[in-house]
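Q: Have a peek at input.json (JSON, C-alpha atoms).
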```json
[["chain", "number", "residue", "atom", "x", "y", "z"],
["A", 1, "ALA", "CA", -31.40, 61.92, 35.19],
["A", 2, "HIS", "CA", -31.66, 63.03, 38.82],
["A", 3, "ASP", "CA", -29.74, 59.92, 39.99],
["A", 4, "LEU", "CA", -26.72, 60.44, 37.70],
["A", 5, "GLY", "CA", -24.77, 61.93, 40.62],
["A", 6, "HIS", "CA", -25.08, 58.89, 42.87],
["A", 7, "PRO", "CA", -21.62, 57.53, 43.79],
["A", 8, "PRO", "CA", -20.87, 53.81, 44.09],
["A", 9, "PHE", "CA", -22.72, 51.99, 46.89],
["A", 10, "GLY", "CA", -25.61, 54.47, 46.95],
["A", 11, "HIS", "CA", -26.19, 56.28, 50.23],
["A", 12, "ALA", "CA", -23.19, 54.60, 51.87],
["A", 13, "GLY", "CA", -20.91, 55.98, 49.16],
["A", 14, "GLU", "CA", -22.57, 59.37, 49.49],
["A", 15, "ARG", "CA", -21.92, 59.44, 53.24],
["A", 16, "ALA", "CA", -18.28, 58.50, 52.69],
["A", 17, "LEU", "CA", -17.68, 61.12, 50.00],
["A", 18, "ASP", "CA", -19.47, 63.72, 52.09],
["A", 19, "THR", "CA", -17.00, 63.04, 54.89],
["A", 20, "CYS", "CA", -14.02, 63.16, 52.51],
["A", 21, "LEU", "CA", -15.19, 66.49, 51.07],
["A", 22, "GLU", "CA", -16.50, 67.99, 54.32],
["A", 23, "ALA", "CA", -13.92, 70.79, 54.29],
["A", 24, "TYR", "CA", -14.75, 71.66, 50.68],
["A", 25, "GLY", "CA", -18.52, 71.94, 50.72],
["A", 26, "GLY", "CA", -19.40, 68.28, 51.23],
["A", 27, "PHE", "CA", -21.05, 65.94, 48.75],
["A", 28, "ASP", "CA", -24.69, 65.81, 47.66],
["A", 29, "HIS", "CA", -25.84, 63.55, 44.84],
["A", 30, "ASN", "CA", -28.28, 66.13, 43.45],
["A", 31, "ALA", "CA", -25.53, 68.73, 43.27],
["A", 32, "GLN", "CA", -23.27, 66.10, 41.68],
["A", 33, "THR", "CA", -25.91, 65.34, 39.05],
["A", 34, "LEU", "CA", -25.93, 69.04, 38.19],
["A", 35, "ARG", "CA", -22.12, 68.98, 37.89],
["A", 36, "VAL", "CA", -22.31, 65.98, 35.57],
["A", 37, "VAL", "CA", -24.83, 67.47, 33.15],
["A", 38, "ALA", "CA", -23.60, 71.08, 33.34],
["A", 39, "ALA", "CA", -19.81, 70.66, 33.48],
["A", 40, "LEU", "CA", -18.30, 67.16, 33.64],
["A", 41, "GLU", "CA", -19.78, 65.80, 30.41],
["A", 42, "HIS", "CA", -17.77, 67.01, 27.38],
["A", 43, "ARG", "CA", -19.99, 66.47, 24.35],
["A", 44, "HIS", "CA", -19.88, 69.85, 22.61],
["A", 45, "PRO", "CA", -16.99, 71.72, 20.99],
["A", 46, "ASP", "CA", -17.77, 75.15, 22.44],
["A", 47, "PHE", "CA", -18.80, 74.47, 26.04],
["A", 48, "ASP", "CA", -18.88, 71.90, 28.82],
["A", 49, "GLY", "CA", -22.04, 70.05, 29.82],
["A", 50, "LEU", "CA", -25.00, 68.74, 27.87],
["A", 51, "ASN", "CA", -26.86, 71.96, 26.94],
["A", 52, "LEU", "CA", -30.02, 70.79, 28.71],
["A", 53, "THR", "CA", -33.16, 72.91, 28.94],
["A", 54, "TRP", "CA", -33.86, 75.11, 31.94],
["A", 55, "GLU", "CA", -36.85, 72.91, 32.78],
["A", 56, "THR", "CA", -34.73, 69.75, 32.84],
["A", 57, "LEU", "CA", -32.11, 71.34, 35.08],
["A", 58, "GLU", "CA", -34.86, 72.71, 37.33],
["A", 59, "GLY", "CA", -36.39, 69.25, 37.63],
["A", 60, "ILE", "CA", -33.06, 67.67, 38.52],
["A", 61, "VAL", "CA", -32.44, 70.20, 41.29],
["A", 62, "LYS", "CA", -35.96, 70.82, 42.63],
["A", 63, "HIS", "CA", -37.90, 67.58, 42.04],
["A", 64, "ASN", "CA", -38.29, 67.19, 45.82],
["A", 65, "GLY", "CA", -39.50, 70.76, 46.27],
["A", 66, "PRO", "CA", -38.00, 74.22, 46.85],
["A", 67, "LEU", "CA", -34.52, 74.46, 48.31],
["A", 68, "THR", "CA", -34.88, 78.01, 49.67],
["A", 69, "ASP", "CA", -37.49, 80.58, 50.57],
["A", 70, "ARG", "CA", -37.93, 83.83, 48.63],
["A", 71, "GLU", "CA", -35.15, 85.46, 50.66],
["A", 72, "GLY", "CA", -32.67, 82.73, 49.79],
["A", 73, "ASN", "CA", -32.70, 80.95, 53.16],
["A", 74, "ALA", "CA", -32.33, 77.18, 52.93],
["A", 75, "VAL", "CA", -35.48, 75.18, 53.73],
["A", 76, "GLY", "CA", -36.38, 71.55, 54.31],
["A", 77, "ARG", "CA", -33.53, 69.07, 54.54],
["A", 78, "HIS", "CA", -31.04, 71.80, 53.61],
["A", 79, "GLN", "CA", -31.77, 73.96, 56.66],
["A", 80, "ARG", "CA", -29.01, 72.41, 58.77],
["A", 81, "ARG", "CA", -26.13, 72.65, 56.29],
["A", 82, "GLY", "CA", -27.38, 75.01, 53.61],
["A", 83, "VAL", "CA", -27.95, 74.43, 49.91],
["A", 84, "PRO", "CA", -25.07, 72.34, 48.44],
["A", 85, "VAL", "CA", -22.27, 74.44, 47.04],
["A", 86, "GLY", "CA", -22.50, 72.93, 43.56],
["A", 87, "ILE", "CA", -26.08, 74.15, 43.26],
["A", 88, "THR", "CA", -25.49, 77.62, 44.73],
["A", 89, "ASP", "CA", -22.48, 78.19, 42.46],
["A", 90, "PHE", "CA", -24.47, 77.22, 39.36],
["A", 91, "ASN", "CA", -27.48, 79.21, 40.47],
["A", 92, "ARG", "CA", -25.50, 82.44, 40.63],
["A", 93, "THR", "CA", -25.02, 82.35, 36.86],
["A", 94, "TYR", "CA", -28.13, 80.43, 35.80],
["A", 95, "ASP", "CA", -31.02, 81.12, 38.16],
["A", 96, "LEU", "CA", -33.18, 78.02, 38.71],
["A", 97, "GLU", "CA", -35.56, 79.86, 41.08],
["A", 98, "LEU", "CA", -34.68, 77.63, 44.02],
["A", 99, "TRP", "CA", -37.57, 79.11, 46.04],
["A", 100, "SER", "CA", -40.27, 77.72, 43.71],
["A", 101, "PHE", "CA", -41.70, 74.29, 43.02],
["A", 102, "ALA", "CA", -40.65, 72.37, 39.93],
["A", 103, "SER", "CA", -42.87, 71.44, 36.99],
["A", 104, "LEU", "CA", -45.62, 68.82, 37.20],
["A", 105, "GLU", "CA", -43.36, 66.41, 35.29],
["A", 106, "ALA", "CA", -40.60, 66.76, 37.88],
["A", 107, "GLN", "CA", -43.12, 66.32, 40.71],
["A", 108, "VAL", "CA", -44.33, 63.12, 39.04],
["A", 109, "ALA", "CA", -40.74, 61.88, 38.78],
["A", 110, "ALA", "CA", -40.16, 62.53, 42.49],
["A", 111, "ILE", "CA", -43.22, 60.66, 43.71],
["A", 112, "ALA", "CA", -42.62, 57.83, 41.22],
["A", 113, "ASP", "CA", -39.17, 57.54, 42.79],
["A", 114, "ASP", "CA", -40.74, 57.14, 46.24],
["A", 115, "ILE", "CA", -43.11, 54.43, 45.01],
["A", 116, "ALA", "CA", -40.29, 52.60, 43.23],
["A", 117, "TYR", "CA", -38.04, 52.72, 46.30],
["A", 118, "ASP", "CA", -40.77, 51.37, 48.57],
["A", 119, "ALA", "CA", -41.70, 48.54, 46.23],
["A", 120, "HIS", "CA", -38.18, 47.54, 45.23],
["A", 121, "ASP", "CA", -36.84, 47.66, 48.78],
["A", 122, "ILE", "CA", -39.67, 45.51, 50.11],
["A", 123, "ASP", "CA", -39.01, 43.04, 47.28],
["A", 124, "ASP", "CA", -35.24, 43.09, 47.93],
["A", 125, "GLY", "CA", -35.71, 42.70, 51.68],
["A", 126, "LEU", "CA", -37.97, 39.68, 51.21],
["A", 127, "ARG", "CA", -35.60, 38.07, 48.70],
["A", 128, "ALA", "CA", -32.61, 38.64, 51.03],
["A", 129, "GLY", "CA", -34.46, 37.17, 54.01],
["A", 130, "LEU", "CA", -34.12, 40.37, 56.04],
["A", 131, "PHE", "CA", -37.83, 40.13, 56.90],
["A", 132, "ALA", "CA", -40.81, 37.97, 55.98],
["A", 133, "VAL", "CA", -44.16, 38.82, 54.40],
["A", 134, "ASP", "CA", -45.93, 38.44, 57.74],
["A", 135, "ASP", "CA", -43.56, 40.97, 59.35],
["A", 136, "LEU", "CA", -45.19, 43.60, 57.12],
["A", 137, "LYS", "CA", -48.46, 43.10, 59.01],
["A", 138, "GLU", "CA", -47.26, 45.61, 61.59],
["A", 139, "MET", "CA", -48.39, 48.35, 59.18],
["A", 140, "PRO", "CA", -52.16, 48.71, 58.65],
["A", 141, "LEU", "CA", -51.87, 49.33, 54.89],
["A", 142, "THR", "CA", -49.82, 46.24, 54.07],
["A", 143, "ALA", "CA", -51.62, 44.18, 56.73],
["A", 144, "GLY", "CA", -54.89, 44.75, 54.88],
["A", 145, "MET", "CA", -53.31, 43.80, 51.56],
["A", 146, "ILE", "CA", -51.79, 40.63, 53.03],
["A", 147, "ALA", "CA", -55.18, 39.64, 54.48],
["A", 148, "ASP", "CA", -56.87, 40.24, 51.14],
["A", 149, "ILE", "CA", -54.25, 38.15, 49.32],
["A", 150, "ALA", "CA", -54.81, 35.34, 51.84],
["A", 151, "ARG", "CA", -58.56, 35.41, 51.15],
["A", 152, "ARG", "CA", -58.08, 35.28, 47.39],
["A", 153, "TYR", "CA", -55.15, 32.84, 47.36],
["A", 154, "PRO", "CA", -55.25, 30.80, 50.59],
["A", 155, "ALA", "CA", -52.57, 28.29, 49.47],
["A", 156, "LEU", "CA", -50.07, 30.77, 47.99],
["A", 157, "ASP", "CA", -46.39, 30.27, 48.84],
["A", 158, "ASP", "CA", -44.37, 33.09, 50.41],
["A", 159, "ASP", "CA", -42.50, 34.04, 47.23],
["A", 160, "ARG", "CA", -45.74, 34.61, 45.34],
["A", 161, "ARG", "CA", -47.36, 36.30, 48.35],
["A", 162, "GLY", "CA", -44.50, 38.78, 48.41],
["A", 163, "ALA", "CA", -44.66, 39.42, 44.67],
["A", 164, "GLU", "CA", -48.42, 39.94, 44.81],
["A", 165, "LEU", "CA", -48.07, 42.30, 47.78],
["A", 166, "VAL", "CA", -45.54, 44.42, 45.88],
["A", 167, "ARG", "CA", -47.86, 44.58, 42.86],
["A", 168, "GLU", "CA", -50.82, 45.55, 45.03],
["A", 169, "LEU", "CA", -48.78, 48.22, 46.80],
["A", 170, "ILE", "CA", -47.56, 49.79, 43.55],
["A", 171, "SER", "CA", -51.09, 49.91, 42.13],
["A", 172, "TYR", "CA", -52.54, 51.33, 45.33],
["A", 173, "LEU", "CA", -49.94, 54.11, 45.62],
["A", 174, "ILE", "CA", -50.21, 55.08, 41.96],
["A", 175, "MET", "CA", -53.99, 55.29, 42.10],
["A", 176, "ALA", "CA", -53.78, 57.33, 45.30],
["A", 177, "VAL", "CA", -51.45, 59.83, 43.59],
["A", 178, "VAL", "CA", -53.65, 60.04, 40.50],
["A", 179, "SER", "CA", -56.72, 60.70, 42.64],
["A", 180, "GLU", "CA", -55.05, 63.32, 44.87],
["A", 181, "ALA", "CA", -53.34, 65.05, 41.94],
["A", 182, "GLY", "CA", -56.68, 65.30, 40.14],
["A", 183, "ARG", "CA", -58.27, 66.84, 43.22],
["A", 184, "ARG", "CA", -55.45, 69.35, 43.76],
["A", 185, "LEU", "CA", -55.29, 70.35, 40.09],
["A", 186, "ALA", "CA", -59.05, 70.85, 39.94],
["A", 187, "GLU", "CA", -58.87, 73.04, 43.04],
["A", 188, "ALA", "CA", -55.80, 75.05, 41.96],
["A", 189, "ARG", "CA", -56.75, 75.30, 38.25],
["A", 190, "PRO", "CA", -53.25, 76.31, 37.12],
["A", 191, "GLN", "CA", -53.24, 78.11, 33.79],
["A", 192, "SER", "CA", -49.49, 77.95, 33.23],
["A", 193, "VAL", "CA", -46.35, 76.28, 34.50],
["A", 194, "ASP", "CA", -45.62, 79.48, 36.45],
["A", 195, "ASP", "CA", -48.87, 78.90, 38.34],
["A", 196, "VAL", "CA", -47.58, 75.44, 39.24],
["A", 197, "ARG", "CA", -44.23, 76.82, 40.43],
["A", 198, "ARG", "CA", -45.81, 79.54, 42.55],
["A", 199, "HIS", "CA", -48.66, 77.49, 43.98],
["A", 200, "GLY", "CA", -46.97, 77.11, 47.36],
["A", 201, "LYS", "CA", -47.30, 73.33, 47.67],
["A", 202, "ALA", "CA", -46.87, 70.27, 45.50],
["A", 203, "LEU", "CA", -49.74, 69.46, 43.14],
["A", 204, "ILE", "CA", -48.62, 65.86, 42.64],
["A", 205, "ALA", "CA", -48.82, 64.19, 46.03],
["A", 206, "PHE", "CA", -50.26, 61.41, 48.17],
["A", 207, "PRO", "CA", -53.47, 62.10, 50.08],
["A", 208, "PRO", "CA", -52.66, 62.81, 53.77],
["A", 209, "ASP", "CA", -53.67, 59.34, 55.00],
["A", 210, "VAL", "CA", -51.67, 57.61, 52.26],
["A", 211, "ALA", "CA", -48.69, 59.91, 52.91],
["A", 212, "ASP", "CA", -48.79, 58.75, 56.52],
["A", 213, "ALA", "CA", -48.99, 55.09, 55.47],
["A", 214, "GLU", "CA", -46.12, 55.55, 53.00],
["A", 215, "SER", "CA", -43.95, 57.15, 55.70],
["A", 216, "ARG", "CA", -44.65, 54.10, 57.90],
["A", 217, "ILE", "CA", -43.32, 51.88, 55.11],
["A", 218, "LYS", "CA", -40.11, 53.91, 55.05],
["A", 219, "MET", "CA", -39.85, 53.62, 58.85],
["A", 220, "PHE", "CA", -40.30, 49.85, 58.60],
["A", 221, "LEU", "CA", -37.60, 49.59, 55.93],
["A", 222, "ARG", "CA", -35.24, 51.79, 57.93],
["A", 223, "LYS", "CA", -35.61, 49.50, 60.94],
["A", 224, "HIS", "CA", -35.72, 46.10, 59.26],
["A", 225, "MET", "CA", -33.54, 46.67, 56.20],
["A", 226, "TYR", "CA", -31.34, 49.76, 56.13],
["A", 227, "ARG", "CA", -30.29, 49.29, 59.77],
["A", 228, "HIS", "CA", -30.18, 45.51, 59.70],
["A", 229, "LEU", "CA", -26.84, 44.30, 61.05],
["A", 230, "ARG", "CA", -26.01, 42.47, 57.81],
["A", 231, "VAL", "CA", -26.71, 45.54, 55.71],
["A", 232, "MET", "CA", -24.92, 47.90, 58.11],
["A", 233, "ARG", "CA", -21.79, 45.73, 58.01],
["A", 234, "VAL", "CA", -21.72, 45.68, 54.21],
["A", 235, "MET", "CA", -22.39, 49.42, 54.00],
["A", 236, "GLY", "CA", -19.60, 50.06, 56.50],
["A", 237, "ASP", "CA", -17.22, 48.07, 54.31],
["A", 238, "ALA", "CA", -18.44, 49.99, 51.24],
["A", 239, "GLU", "CA", -17.70, 53.29, 52.97],
["A", 240, "THR", "CA", -14.20, 52.03, 53.77],
["A", 241, "ILE", "CA", -13.57, 51.34, 50.07],
["A", 242, "VAL", "CA", -14.58, 54.90, 49.16],
["A", 243, "TRP", "CA", -12.47, 56.43, 51.97],
["A", 244, "ASP", "CA", -9.46, 54.35, 50.93],
["A", 245, "LEU", "CA", -9.76, 55.32, 47.26],
["A", 246, "PHE", "CA", -10.11, 59.01, 48.06],
["A", 247, "ALA", "CA", -7.07, 59.00, 50.35],
["A", 248, "ARG", "CA", -4.96, 57.09, 47.83],
["A", 249, "TYR", "CA", -5.78, 59.41, 44.92],
["A", 250, "ARG", "CA", -5.15, 62.43, 47.13],
["A", 251, "ASP", "CA", -1.77, 61.17, 48.33],
["A", 252, "ASP", "CA", -0.69, 59.52, 45.06],
["A", 253, "PRO", "CA", -2.05, 61.41, 42.02],
["A", 254, "SER", "CA", -0.35, 58.94, 39.66],
["A", 255, "ALA", "CA", -2.96, 56.37, 40.73],
["A", 256, "LEU", "CA", -5.57, 58.35, 38.80],
["A", 257, "PRO", "CA", -6.19, 57.77, 35.08],
["A", 258, "ALA", "CA", -4.36, 60.31, 32.89],
["A", 259, "GLU", "CA", -7.58, 61.94, 31.75],
["A", 260, "TRP", "CA", -8.42, 62.78, 35.37],
["A", 261, "LEU", "CA", -5.19, 64.67, 36.01],
["A", 262, "PRO", "CA", -5.31, 68.49, 35.80],
["A", 263, "ASP", "CA", -4.20, 70.00, 32.48],
["A", 264, "GLY", "CA", -1.80, 72.43, 34.12],
["A", 265, "GLY", "CA", -0.46, 69.97, 36.66],
["A", 266, "GLU", "CA", -1.21, 69.62, 40.38],
["A", 267, "SER", "CA", 0.59, 72.85, 41.25],
["A", 268, "HIS", "CA", -1.94, 74.89, 39.25],
["A", 269, "GLU", "CA", -4.96, 73.92, 41.36],
["A", 270, "THR", "CA", -5.99, 74.57, 44.94],
["A", 271, "GLU", "CA", -6.40, 71.86, 47.53],
["A", 272, "ALA", "CA", -10.19, 72.27, 47.25],
["A", 273, "GLU", "CA", -10.08, 71.89, 43.46],
["A", 274, "ARG", "CA", -7.97, 68.74, 43.77],
["A", 275, "ALA", "CA", -10.32, 67.24, 46.36],
["A", 276, "ARG", "CA", -13.37, 68.01, 44.24],
["A", 277, "ARG", "CA", -11.70, 66.53, 41.12],
["A", 278, "ILE", "CA", -11.01, 63.30, 43.01],
["A", 279, "GLY", "CA", -14.56, 63.32, 44.33],
["A", 280, "ASN", "CA", -15.90, 63.74, 40.80],
["A", 281, "PHE", "CA", -13.89, 60.72, 39.64],
["A", 282, "ILE", "CA", -15.08, 58.49, 42.49],
["A", 283, "ALA", "CA", -18.68, 59.67, 42.15],
["A", 284, "GLY", "CA", -18.70, 58.50, 38.54],
["A", 285, "MET", "CA", -17.70, 54.94, 39.45],
["A", 286, "THR", "CA", -20.10, 52.03, 39.43],
["A", 287, "ASP", "CA", -20.09, 49.62, 42.38],
["A", 288, "ARG", "CA", -18.26, 47.06, 40.24],
["A", 289, "PHE", "CA", -15.57, 49.52, 39.14],
["A", 290, "ALA", "CA", -14.87, 50.65, 42.72],
["A", 291, "ILE", "CA", -14.65, 47.03, 43.91],
["A", 292, "THR", "CA", -12.25, 46.25, 41.05],
["A", 293, "GLU", "CA", -10.18, 49.41, 41.55],
["A", 294, "HIS", "CA", -9.60, 48.91, 45.29],
["A", 295, "PRO", "CA", -7.55, 45.68, 45.06],
["A", 296, "ARG", "CA", -5.45, 47.28, 42.30],
["A", 297, "LEU", "CA", -4.28, 49.83, 44.87],
["A", 298, "PHE", "CA", -4.49, 47.94, 48.18],
["A", 299, "ASP", "CA", -3.39, 44.57, 49.50],
["A", 300, "SER", "CA", -6.77, 43.71, 51.02],
["A", 301, "THR", "CA", -10.32, 44.63, 50.05],
["A", 302, "PRO", "CA", -13.50, 44.07, 52.09],
["A", 303, "GLU", "CA", -15.88, 41.46, 50.67],
["A", 304, "LEU", "CA", -19.24, 43.16, 50.25],
["A", 305, "ARG", "CA", -21.62, 40.31, 51.01]]
```
Hey, can you dump this file as structure tokens for me?

A:
Amino acid sequence: AHDLGHPPFGHAGERALDTCLEAYGGFDHNAQTLRVVAALEHRHPDFDGLNLTWETLEGIVKHNGPLTDREGNAVGRHQRRGVPVGITDFNRTYDLELWSFASLEAQVAAIADDIAYDAHDIDDGLRAGLFAVDDLKEMPLTAGMIADIARRYPALDDDRRGAELVRELISYLIMAVVSEAGRRLAEARPQSVDDVRRHGKALIAFPPDVADAESRIKMFLRKHMYRHLRVMRVMGDAETIVWDLFARYRDDPSALPAEWLPDGGESHETEAERARRIGNFIAGMTDRFAITEHPRLFDSTPELR
């Protein structure tokens, strides 16, 4: 559920919407997920949202760790800009204890996400030809795995080498988490979920050496994939599509579907409310819908390839 708030084109779409909504609190996909499940979904006759449990909402918001300290000061990645407005607004009426860690289940979801990103992005980068298997030898962890695969399968082609490397990496990272989580749980001996929340650090984590190796994988992907000229060009075009759509809906409300127009008319909402409504509509688009919607409203649309 924690990815429900992702706009079209992933992080590129998020950057674009954040720019469009900068004057109105910005855009954060975790905060948007909370909006989706707590307000934008209309599935019940008496209230908006999905009536999710406190624990589910907590996991969506805090799966990556606390957002504030006990005094309410933003921590971690939120230190520079503060906790997203969608989360702080919700938290005033439904306290999610932003200063504490989330449940073990949410911690598992977060680290599983990291493993999945690493594995999938390596696989995608290899398939797209952005880098080769042997390029991954610059990292000790994957270099050792590649050498071991070569010993076991000396005549393996590159496609199968890459697939085997991804499998080995997933297994290695999962086993490392299982081992470290067992050690931390045995040491902490939590007797309740409140003990987990108040422990002061994550109980589901990589061992320090594996955490360092995993961060090197992310650095490699940032350099060779996310910042590759081909990828940057496509992401730049994707951002343009989002910017164009936002500006068009803002300047021409009739371009929006009827169900996304305000009940009382445009004159009954503030500029911030209108901007956020448009942002909510765009954030709910799939890549395909955004790509289809753009040429309906504009004479030319970037080709994302």

Q: Using all atoms listed in the file for the distances, tell me which of A:Arg288, A:His63, A:Arg152, A:Arg216 is nearest to Ala109 of chain A.

A: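 Among A:Arg288, A:His63, A:Arg152, A:Arg216, it is A:His63 that comes nearest to Ala109 of chain A.
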
Q: Just how far from atom CA of Leu67 of chain A is atom CA of Ala188 of chain A, in Å to one decimal?

A: 22.2 Å

Q: One decimal, in Å: what's the spacing between atom CA of Leu17 of chain A and atom CA of Thr68 of chain A?

A: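 So the two atoms, atom CA of Leu17 of chain A and atom CA of Thr68 of chain A, lie 24.1 Å apart.
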
Q: Do you have the atom CA of Asp194 of chain A-atom CA of Glu71 of chain A distance handy?

A: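 It comes out at 18.6 Å.
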
Q: Need the axis-aligned box for segment 11-30 of chain A with 4 Å each side, so what are the centre and edges in Å to one decimal, as JSON?

A:
```
{"center_x": -21.1, "center_y": 63.3, "center_z": 49.2, "size_x": 22.4, "size_y": 25.3, "size_z": 19.4}
```

Q: Using all atoms listed in the file, can you tell me which of A:Asp114, A:Asp134, A:Glu187, A:Glu22 comes closest to Ile217 of chain A?

A: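 Nearest to Ile217 of chain A: A:Asp114.
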
Q: Of the residues A:Arg35, A:His120, A:His199, A:His294, which is the one nearest to Leu185 of chain A, using all atoms listed in the file?

A: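 For Leu185 of chain A, the nearest of the candidates is A:His199.
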
Q: Using all atoms listed in the file, determine which residues lie at most 12 Å from Asp121 of chain A, disregarding the query and same-chain residues fewer than 2 positions distant; provide the list as a ChimeraX atom specification.

A: /A:113-119,123-131,162,166,217-218,220-222,224-226

Q: Just the residues within 12 Å of Thr53 of chain A, please, counting only C-alpha atoms, with nothing from its chain fewer than 4 positions along; format it as number ranges by chain.

A: A: 37-38, 49, 57-60, 94, 96

Q: So, counting all atoms listed in the file, which residue among A:Arg230, A:Lys137, A:Arg296, A:Arg250 is closest to Leu21 of chain A?

A: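 Ranked by minimum distance to Leu21 of chain A, first place goes to A:Arg250.
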
Q: Would you mind listing what lies within 12 Å of segment 252-254 of chain A as a list of chain:residue names, with only C-alpha atoms counted and same-chain residues fewer than 2 positions away left out?

A: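 Near neighbours after the sequence-gap exclusion: A:Asp244, A:Leu245, A:Phe246, A:Ala247, A:Arg248, A:Tyr249, A:Arg250, A:Leu256, A:Pro257, A:Ala258, A:Glu259, A:Trp260, A:Leu261, A:Pro262, A:Gly265, A:Glu266, A:Ser267, A:Arg274, A:Ala275, A:Arg277, A:Ile278, A:Leu297.
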
Q: Within 12 Å of (-50.5, 60.9, 54.9), all atoms listed in the file: residues as a ChimeraX atom specification?

A: /A:141,173,176-177,180,205-217

Q: Since the input lacks some atoms of segment 229-243 of chain A, please model N, CA, C and O atoms and print them as a PDB file, in the frame of the given file.

A:
```pdb
ATOM      1  N   LEU A 229     -28.258  44.482  60.783  1.00  0.00           N
ATOM      2  CA  LEU A 229     -26.840  44.300  61.050  1.00  0.00           C
ATOM      3  C   LEU A 229     -26.070  43.837  59.814  1.00  0.00           C
ATOM      4  O   LEU A 229     -24.946  44.297  59.551  1.00  0.00           O
ATOM      5  N   ARG A 230     -26.676  42.941  59.025  1.00  0.00           N
ATOM      6  CA  ARG A 230     -26.010  42.470  57.810  1.00  0.00           C
ATOM      7  C   ARG A 230     -25.773  43.610  56.827  1.00  0.00           C
ATOM      8  O   ARG A 230     -24.696  43.751  56.246  1.00  0.00           O
ATOM      9  N   VAL A 231     -26.805  44.435  56.655  1.00  0.00           N
ATOM     10  CA  VAL A 231     -26.710  45.540  55.710  1.00  0.00           C
ATOM     11  C   VAL A 231     -25.737  46.599  56.229  1.00  0.00           C
ATOM     12  O   VAL A 231     -24.920  47.137  55.461  1.00  0.00           O
ATOM     13  N   MET A 232     -25.816  46.898  57.530  1.00  0.00           N
ATOM     14  CA  MET A 232     -24.920  47.900  58.110  1.00  0.00           C
ATOM     15  C   MET A 232     -23.454  47.496  57.968  1.00  0.00           C
ATOM     16  O   MET A 232     -22.583  48.331  57.698  1.00  0.00           O
ATOM     17  N   ARG A 233     -23.171  46.200  58.139  1.00  0.00           N
ATOM     18  CA  ARG A 233     -21.790  45.730  58.010  1.00  0.00           C
ATOM     19  C   ARG A 233     -21.294  45.914  56.575  1.00  0.00           C
ATOM     20  O   ARG A 233     -20.186  46.425  56.346  1.00  0.00           O
ATOM     21  N   VAL A 234     -22.125  45.540  55.615  1.00  0.00           N
ATOM     22  CA  VAL A 234     -21.720  45.680  54.210  1.00  0.00           C
ATOM     23  C   VAL A 234     -21.562  47.155  53.850  1.00  0.00           C
ATOM     24  O   VAL A 234     -20.601  47.544  53.165  1.00  0.00           O
ATOM     25  N   MET A 235     -22.488  47.994  54.309  1.00  0.00           N
ATOM     26  CA  MET A 235     -22.390  49.420  54.000  1.00  0.00           C
ATOM     27  C   MET A 235     -21.149  50.052  54.653  1.00  0.00           C
ATOM     28  O   MET A 235     -20.525  50.938  54.081  1.00  0.00           O
ATOM     29  N   GLY A 236     -20.812  49.573  55.846  1.00  0.00           N
ATOM     30  CA  GLY A 236     -19.600  50.060  56.500  1.00  0.00           C
ATOM     31  C   GLY A 236     -18.359  49.698  55.680  1.00  0.00           C
ATOM     32  O   GLY A 236     -17.446  50.521  55.519  1.00  0.00           O
ATOM     33  N   ASP A 237     -18.338  48.481  55.158  1.00  0.00           N
ATOM     34  CA  ASP A 237     -17.220  48.070  54.310  1.00  0.00           C
ATOM     35  C   ASP A 237     -17.183  48.882  53.016  1.00  0.00           C
ATOM     36  O   ASP A 237     -16.108  49.231  52.513  1.00  0.00           O
ATOM     37  N   ALA A 238     -18.365  49.189  52.465  1.00  0.00           N
ATOM     38  CA  ALA A 238     -18.440  49.990  51.240  1.00  0.00           C
ATOM     39  C   ALA A 238     -17.887  51.395  51.493  1.00  0.00           C
ATOM     40  O   ALA A 238     -17.150  51.945  50.661  1.00  0.00           O
ATOM     41  N   GLU A 239     -18.234  51.971  52.635  1.00  0.00           N
ATOM     42  CA  GLU A 239     -17.700  53.290  52.970  1.00  0.00           C
ATOM     43  C   GLU A 239     -16.171  53.248  53.081  1.00  0.00           C
ATOM     44  O   GLU A 239     -15.483  54.176  52.636  1.00  0.00           O
ATOM     45  N   THR A 240     -15.650  52.173  53.646  1.00  0.00           N
ATOM     46  CA  THR A 240     -14.200  52.030  53.770  1.00  0.00           C
ATOM     47  C   THR A 240     -13.520  52.035  52.404  1.00  0.00           C
ATOM     48  O   THR A 240     -12.464  52.653  52.218  1.00  0.00           O
ATOM     49  N   ILE A 241     -14.131  51.365  51.426  1.00  0.00           N
ATOM     50  CA  ILE A 241     -13.570  51.340  50.070  1.00  0.00           C
ATOM     51  C   ILE A 241     -13.492  52.746  49.502  1.00  0.00           C
ATOM     52  O   ILE A 241     -12.473  53.151  48.924  1.00  0.00           O
ATOM     53  N   VAL A 242     -14.560  53.524  49.685  1.00  0.00           N
ATOM     54  CA  VAL A 242     -14.580  54.900  49.160  1.00  0.00           C
ATOM     55  C   VAL A 242     -13.538  55.757  49.870  1.00  0.00           C
ATOM     56  O   VAL A 242     -12.798  56.523  49.232  1.00  0.00           O
ATOM     57  N   TRP A 243     -13.480  55.662  51.208  1.00  0.00           N
ATOM     58  CA  TRP A 243     -12.470  56.430  51.970  1.00  0.00           C
ATOM     59  C   TRP A 243     -11.058  56.089  51.501  1.00  0.00           C
ATOM     60  O   TRP A 243     -10.224  56.963  51.309  1.00  0.00           O
TER      61      TRP A 243
END
```
